[in-house]
2 protein chains.
Amino acid sequence: MPPATNLLSLISCFQSEFIAECFMRRAYLTGFTGSAGTAVVTKNKAALWTDGRYFLQAEKELSHDWTLMRSGSHGVPTTSEWLNDVLPSGCRVGIDPFLFSFDAAEELKDDISDKNHELVLIRDLNLVDEIWGESRPEPPKEQTRVHGIKYAGVDVPSKLSFVRSHLTENGCDAVVISLLDEVAWLLNMRGSDVPNSPVFYSYLIVENNTATLFVDNNKVSKDVLAHLEKAGVNLKPYEAILSNVERLAENGAKLWLDSSSINAAIAHVFRSSCDRYVKKRGKTDRQIGKESSSDKPTTRSSGIQNGTLNALYKASPVTLAKAVKNDAEIEGMKSSHLRDAAALAEFWCWLEGEIDKSVSLTEVQVAEKLLEFRQKQDGFTDTSFDTISGYGANGAIIHYRPTPQSCSFVKSDNLFLLDSGAQYIDGTTDITRTVHFGEPSPRQKECFTRVLQGHIALDQAVFPERTPGFVLDVLARSSLWKIGLDYRHGTGHGVGAALNVHEGPQSISYRYGNLTALQKGMIVSNEPGYYEDNSFGIRIENLLLVKEVNLPNSFGGVSYLGFEKLTFVPIQSKLMSLSLLSPSEINWINEYHEEVWEKVSPLLNGHSRDWLWKNTRPL
Amino acid sequence: MPPATNLLSLISCFQSEFIAECFMRRAYLTGFTGSAGTAVVTKNKAALWTDGRYFLQAEKELSHDWTLMRSGSHGVPTTSEWLNDVLPSGCRVGIDPFLFSFDAAEELKDDISDKNHELVLIRDLNLVDEIWGESRPEPPKEQTRVHGIKYAGVDVPSKLSFVRSHLTENGCDAVVISLLDEVAWLLNMRGSDVPNSPVFYSYLIVENNTATLFVDNNKVSKDVLAHLEKAGVNLKPYEAILSNVERLAENGAKLWLDSSSINAAIAHVFRSSCDRYVKKRGKTDRQIGKESSSDKPTTRSSGIQNGTLNALYKASPVTLAKAVKNDAEIEGMKSSHLRDAAALAEFWCWLEGEIDKSVSLTEVQVAEKLLEFRQKQDGFTDTSFDTISGYGANGAIIHYRPTPQSCSFVKSDNLFLLDSGAQYIDGTTDITRTVHFGEPSPRQKECFTRVLQGHIALDQAVFPERTPGFVLDVLARSSLWKIGLDYRHGTGHGVGAALNVHEGPQSISYRYGNLTALQKGMIVSNEPGYYEDNSFGIRIENLLLVKEVNLPNSFGGVSYLGFEKLTFVPIQSKLMSLSLLSPSEINWINEYHEEVWEKVSPLLNGHSRDWLWKNTRPL
């Protein structure tokens, strides 16, 4: 799956890429079902912002009551510019502070203050829910489960110790973890509250001697409860998070908050509670006529003018730890990728057969059949994102999602792009293959081959430690650049181990902002592409594990890193223009296919095995 | 010549890489002659800071009175950290403000204010000159010359108009140009005040209707005077710069200063004059009982608290214009590179002959002979930097400079690295070749071949406009990285047209800080290398012109850029390991050598022509 064009906009609802139905308030209110968008309603106007991926869809789905704001297009204002324009000076603008990160809320507050508007955090009710009323779907009540140590590799007490050592190092007393995948990773738990991601709605507060999970009690089975008790984790109701943050403020605790992910409600409750606490303490101190002298926690909070001083705004200590996979996680990723590869071999064998028999299949039917093959595999739990099944021109829509009402048939006179992934108990997969069931044009072959050359160049890269991903991005593009082609998405994103299919902090992108170094144990996708509007789309995607490579030299005394493939599914050789490929590229393809055969054939039999044999022969 | 490790430190004297002897005060005072260093003297201590390139040299050259500070080594303080450490609180630290950029002086001032030290700008005398006395060399009195329109391409009035349009756009009344190459470029003049760079000591003030060159009158011949008069440029003595900056302040002019290059003396005079002027005006206004109302210049200076408000600190408008070469400059660069190539062919032919005859030659003698061959070429004026002639282990010292007293003989049992360049009337060259006169080891061949592969990959790069140079740097390194090797310098620097051999703003480097896009008409070096300490050094350097490439596609509607080679000198095929090279790399080498033969053979005859023929045969 291509890296999110703008991860922030994707996570604007609950700071998660995927959300439960009861939280799909924008879709309910506006009718627009795309994954990224912001709705703004004033007393007499209503406007919806979305990005280039969704302009067409939004045009179809929005009623005439809504103005579509095409973000990024020339002359289109941002939400705050628009508010500053349409509202008379000095208005009050309300948001649900649980749906905005602290950073996003602060930015909005700043921006609208230009016209003296005030940002109001409406904490006690959600205006859309008031309208939705009884017909609003129930919040998910799925059971959580323990993510066994066999897959997690490290037990919860060790992970909590790790977090606590970071607390100590940073002079903090507690951290609030609000990213759902961070809670799941830290507690070795998984859930089913959200499609595609095995997470559950919750918060976690880790203090030096305690840890508290805020979650709906009904989601916690006896097994899970025992697992949490053993790790010294207390349970509290999901709704109790704010009162507990208040308590931390009152105790003078210094709190670690990741301002890019923590919601504005929590950050503001902490800040205002600190203010109240300081005022009260000041009064008490004066009343009893003494200076603050006790060592703790007074020392820490003395001198506080407002809560900001008692909070450390810093990236969560969990983000990097979760990205660097341990041996058990790597083992699970490898194993689940082989089962996934077997399902894909069966699927491609089946699909080729159907096309040969001239059976009419839609993009949606094809995706459903793929799901069937995956469901048969051990440990399958879910898809890892909505399958991008795009035939012909649909393949050129980077985040295309076919619907039964409007999708195309998959035929044999154009390219078919299939980007899909699965959640298994032990791993998460994400793979794209592009195929042609008939005769590809020379143009399609040239474009495919250049995308493949980029894929191979990145796959083979070796680089010194401390290299950020963006340094390698050019390797995936330079073959396309040589004929004036390019693609408008990043080349690689991080992937969780039995967790989110899009995971930070690393990435491989043409944007230079992300300075996170690629590190041994990280997983990234390798997915260059090329998209010819209204014609066809090409993408070739494997997941890669960053590993240390053993080299004859080690200049500068540093480690050198490279990639190990996790994905083992044939790449269609019919689409390769052999005259463009160098001997070393041909070698790469042959070696890859040999490895595919060796690793995946033991999991197959009959036609699928024959199909794999045929599709892994040397060029 | 490799990109400067730290351009700022190289230009700390007079903001120029090369300086006249009379300004080599640090060398006079300390004995250390390296190109980068800072001397600090207190009442009872004396210390000299230099970087890794010069540790050995400094150890040899410094007397025991001096403490050597190895910049960048573990635990070594910066100059200001040291001052804060050794001086009692509240001292006065003096600098010559003509030798510090405004930025550097401000940074120093800030840093030492931690211990309440005051930075004192000693404007009226230089303490070292006081000691140097009568034996100080005379300032250079070389004549300047007109850089003909045939080479400059654009006349001075057009260049001044360009600067003035930038003044207007930025609401400024004047700009002070203090970088010597910017003055030379803007006025189509050249000089000989400084070794290796055809510049002359001067300042230029461009105002909306006038332009004034501050230069020693003796340097201006009748021709030059007529040239300047025709362009409407006035002459004033070099020393008059400060009083003229004062005058600008008094007139309320808004002044454009490039704070990274303008010296602290000028910036401070402007600031203090503005302060004085505002105070005086305030008084006068009150005395005559009126508000400021006249349109100009009062409007601009009303509200000024101090001079900072009336200055625009921004990169000089000349920097980018100078980097993007016009057709005449490109023509001159191409033509001078062919003559330079002819000189090099003659030189290599001669050197091979001498080695064959077992003549003993030192690195210095070889460099001197190369100079002789170049001097015979039309339009030769100077070297463009001190030749780096490094045999064996000396080749591993990146900025090696052999001296007659200590240099090695050039023999046939190790690699010989020769990095050199020339100034011609129409262009500037910079080329490195590495050769072996005997039998290279397999190790040397592998390293050389991988450096060459990096050179070829960068040479062949095609990339969309707006790509900064650092994006391409990985192309030059990835072949070395594959066996765990690397080099500790950037891959490319900008080069002036008959100007400085190191020129900004573009670069190709592993450092991500320089976001300047490579643009059509810019010139960069392509010089990957590999250095095995105490053993040998390899570098292969050509200069490249950035040009638009004609491609079958233009994705995103943008231009695609690539490189055109300017340097045409054979690369020694004996050092290439053919089994490592791909067919397309072999093709590149053969095509390059064919082009070398076609372009350079007409300029040669006899043995040199034979040598060129032999050394340009296909692999």
# chains A, B, ... in the order shown; residues from 1 in each chain; ligands from 1
call {"tool": "interface_residues", "arguments": {"of": "chain B", "to": "chain A", "cutoff": "7 Å", "atoms": "only C-alpha atoms", "output": "number ranges by chain"}}
result
B: 462-463, 471, 474, 478, 481-486, 551-555, 560
call {"tool": "select_by_dssp", "arguments": {"residues": "segment 341-569 of chain A", "states": "alpha helix (DSSP H)", "output": "number ranges by chain"}}
result
A: 341-356, 363-375, 442-459, 470-481
call {"tool": "closest_residue", "arguments": {"among": "B:Gly427, B:Pro440, B:Pro97, B:Gly72", "to": "Ser412 of chain B", "atoms": "only C-alpha atoms"}}
result
B:Pro440
call {"tool": "atom_distance", "arguments": {"atom1": "atom CA of Val435 of chain A", "atom2": "atom CA of Ser579 of chain A"}}
result
19.3 Å
call {"tool": "closest_residue", "arguments": {"among": "A:Val199, A:Ala396, A:Ala315, A:Leu417", "to": "Ala367 of chain A", "atoms": "only C-alpha atoms"}}
result
A:Leu417
call {"tool": "residues_around", "arguments": {"residues": "Thr42 of chain A", "least_positions_apart": "6", "cutoff": "12 Å", "atoms": "only C-alpha atoms", "output": "PyMOL selection string"}}
result
chain A and resi 48+66+79+82-88+91-94
call {"tool": "residues_around", "arguments": {"residues": "segment 342-347 of chain B", "least_positions_apart": "4", "cutoff": "6 Å", "atoms": "only C-alpha atoms", "output": "list in words"}}
result
Leu370, Phe373, Arg374 and Ser608 of chain B
call {"tool": "residues_around", "arguments": {"residues": "Gly148 of chain A", "least_positions_apart": "6", "cutoff": "10 Å", "atoms": "only C-alpha atoms", "output": "tab-separated table (two decimals) with N, CA and C atoms, in the first residue's frame"}}
result
chain	number	residue	atom	x	y	z
A	154	VAL	N	9.04	-9.99	23.69
A	154	VAL	CA	9.46	-9.32	24.93
A	154	VAL	C	8.23	-9.20	25.81
A	155	ASP	N	8.36	-9.51	27.11
A	155	ASP	CA	7.16	-9.46	27.96
A	155	ASP	C	6.85	-8.03	28.41
A	188	ASN	N	1.36	-6.09	24.86
A	188	ASN	CA	1.22	-7.40	24.20
A	188	ASN	C	-0.25	-7.82	24.15
A	189	MET	N	-1.07	-6.93	23.66
A	189	MET	CA	-2.50	-7.20	23.48
A	189	MET	C	-2.91	-6.84	22.06
A	190	ARG	N	-3.96	-7.45	21.61
A	190	ARG	CA	-4.54	-7.09	20.33
A	190	ARG	C	-6.05	-7.00	20.48
A	227	HIS	N	-3.31	-11.68	32.43
A	227	HIS	CA	-2.11	-11.20	31.74
A	227	HIS	C	-1.73	-9.80	32.23
A	425	ILE	N	-2.05	-13.58	12.99
A	425	ILE	CA	-1.75	-13.55	14.43
A	425	ILE	C	-0.28	-13.21	14.67
A	426	ASP	N	0.57	-13.54	13.70
A	426	ASP	CA	2.01	-13.35	13.89
A	426	ASP	C	2.63	-12.30	12.97
call {"tool": "select_by_dssp", "arguments": {"residues": "segment 114-270 of chain B", "states": "strand (DSSP E or B)", "output": "VMD selection string"}}
result
chain B and resid 118 to 121 145 to 146 174 to 177 189 to 190 194 197 203 to 207 211 to 214 233 to 236 255 to 257 263
call {"tool": "write_last_selection", "arguments": {"atoms": "N, CA, C and O atoms", "output": "CSV table (one decimal), in the first residue's frame"}}
result
chain,number,residue,atom,x,y,z
B,118,GLU,N,32.9,40.9,26.8
B,118,GLU,CA,32.4,41.8,25.8
B,118,GLU,C,33.2,41.7,24.5
B,118,GLU,O,34.4,41.6,24.6
B,119,LEU,N,32.5,41.7,23.4
B,119,LEU,CA,33.3,41.6,22.1
B,119,LEU,C,33.6,43.0,21.7
B,119,LEU,O,32.7,43.9,21.6
B,120,VAL,N,34.9,43.3,21.4
B,120,VAL,CA,35.3,44.6,21.0
B,120,VAL,C,35.8,44.6,19.6
B,120,VAL,O,36.7,43.8,19.2
B,121,LEU,N,35.2,45.4,18.7
B,121,LEU,CA,35.6,45.4,17.3
B,121,LEU,C,36.7,46.5,17.2
B,121,LEU,O,36.5,47.7,17.4
B,145,ARG,N,41.8,44.2,-14.8
B,145,ARG,CA,41.6,44.2,-16.3
B,145,ARG,C,40.1,44.0,-16.6
B,145,ARG,O,39.3,43.5,-15.7
B,146,VAL,N,39.7,44.4,-17.8
B,146,VAL,CA,38.3,44.2,-18.2
B,146,VAL,C,38.1,42.8,-18.6
B,146,VAL,O,38.9,42.3,-19.3
B,174,ALA,N,19.9,50.2,-1.4
B,174,ALA,CA,21.3,49.9,-1.7
B,174,ALA,C,21.7,48.6,-1.2
B,174,ALA,O,21.1,48.0,-0.3
B,175,VAL,N,22.7,48.0,-1.9
B,175,VAL,CA,23.3,46.8,-1.4
B,175,VAL,C,24.8,46.9,-1.4
B,175,VAL,O,25.4,47.6,-2.3
B,176,VAL,N,25.5,46.4,-0.4
B,176,VAL,CA,26.9,46.4,-0.3
B,176,VAL,C,27.4,45.0,-0.7
B,176,VAL,O,27.0,44.0,-0.1
B,177,ILE,N,28.2,44.9,-1.8
B,177,ILE,CA,28.7,43.6,-2.2
B,177,ILE,C,30.2,43.6,-1.7
B,177,ILE,O,31.0,44.4,-2.1
B,189,MET,N,35.1,42.5,-14.4
B,189,MET,CA,36.5,42.8,-14.2
B,189,MET,C,37.2,41.6,-13.6
B,189,MET,O,36.5,40.8,-13.0
B,190,ARG,N,38.5,41.6,-13.8
B,190,ARG,CA,39.3,40.6,-13.1
B,190,ARG,C,40.5,41.2,-12.6
B,190,ARG,O,40.9,42.3,-13.0
B,194,VAL,N,45.1,38.0,-5.6
B,194,VAL,CA,45.1,36.8,-4.8
B,194,VAL,C,45.5,35.6,-5.6
B,194,VAL,O,45.2,35.5,-6.8
B,197,SER,N,42.8,32.9,-7.7
B,197,SER,CA,41.5,33.5,-8.0
B,197,SER,C,41.7,34.9,-8.7
B,197,SER,O,42.4,35.7,-8.2
B,203,TYR,N,35.2,46.8,-2.7
B,203,TYR,CA,33.8,46.7,-2.3
B,203,TYR,C,33.0,47.4,-3.4
B,203,TYR,O,33.5,48.3,-4.1
B,204,LEU,N,31.7,47.0,-3.4
B,204,LEU,CA,30.8,47.7,-4.4
B,204,LEU,C,29.5,48.0,-3.7
B,204,LEU,O,29.0,47.2,-3.0
B,205,ILE,N,29.1,49.3,-3.9
B,205,ILE,CA,27.8,49.7,-3.4
B,205,ILE,C,26.9,50.0,-4.6
B,205,ILE,O,27.3,50.8,-5.4
B,206,VAL,N,25.8,49.2,-4.8
B,206,VAL,CA,24.9,49.5,-5.8
B,206,VAL,C,23.7,50.2,-5.2
B,206,VAL,O,23.0,49.6,-4.3
B,207,GLU,N,23.4,51.4,-5.7
B,207,GLU,CA,22.1,52.1,-5.3
B,207,GLU,C,21.2,52.2,-6.5
B,207,GLU,O,21.6,51.7,-7.6
B,211,ALA,N,26.3,53.5,-8.7
B,211,ALA,CA,27.0,52.4,-8.3
B,211,ALA,C,28.5,52.9,-8.0
B,211,ALA,O,29.0,53.7,-8.8
B,212,THR,N,29.1,52.4,-6.9
B,212,THR,CA,30.4,52.9,-6.5
B,212,THR,C,31.3,51.8,-6.2
B,212,THR,O,31.0,50.9,-5.4
B,213,LEU,N,32.4,51.7,-6.9
B,213,LEU,CA,33.5,50.7,-6.6
B,213,LEU,C,34.5,51.3,-5.7
B,213,LEU,O,35.1,52.4,-6.0
B,214,PHE,N,34.8,50.6,-4.6
B,214,PHE,CA,35.8,51.1,-3.7
B,214,PHE,C,37.0,50.2,-3.9
B,214,PHE,O,37.0,49.0,-3.6
B,233,VAL,N,29.6,53.5,-13.3
B,233,VAL,CA,30.2,53.1,-12.0
B,233,VAL,C,31.2,54.1,-11.5
B,233,VAL,O,32.2,54.4,-12.2
B,234,ASN,N,31.0,54.8,-10.4
B,234,ASN,CA,32.0,55.7,-9.8
B,234,ASN,C,33.1,55.0,-9.1
B,234,ASN,O,32.9,53.8,-8.6
B,235,LEU,N,34.2,55.7,-8.9
B,235,LEU,CA,35.3,55.1,-8.2
B,235,LEU,C,35.5,55.8,-6.9
B,235,LEU,O,35.4,57.1,-6.8
B,236,LYS,N,35.8,55.1,-5.8
B,236,LYS,CA,36.3,55.8,-4.6
B,236,LYS,C,37.4,54.9,-4.0
B,236,LYS,O,37.5,53.7,-4.3
B,255,LEU,N,19.3,49.2,3.6
B,255,LEU,CA,20.5,48.6,3.1
B,255,LEU,C,20.4,47.1,3.1
B,255,LEU,O,20.0,46.5,4.1
B,256,TRP,N,20.7,46.4,2.0
B,256,TRP,CA,20.7,45.0,1.8
B,256,TRP,C,22.1,44.5,2.2
B,256,TRP,O,23.1,44.9,1.5
B,257,LEU,N,22.2,43.6,3.2
B,257,LEU,CA,23.5,43.1,3.6
B,257,LEU,C,23.4,41.5,3.6
B,257,LEU,O,22.4,41.0,4.2
B,263,ASN,N,31.4,41.9,6.2
B,263,ASN,CA,32.2,41.9,7.4
B,263,ASN,C,31.5,42.7,8.5
B,263,ASN,O,30.7,43.5,8.3
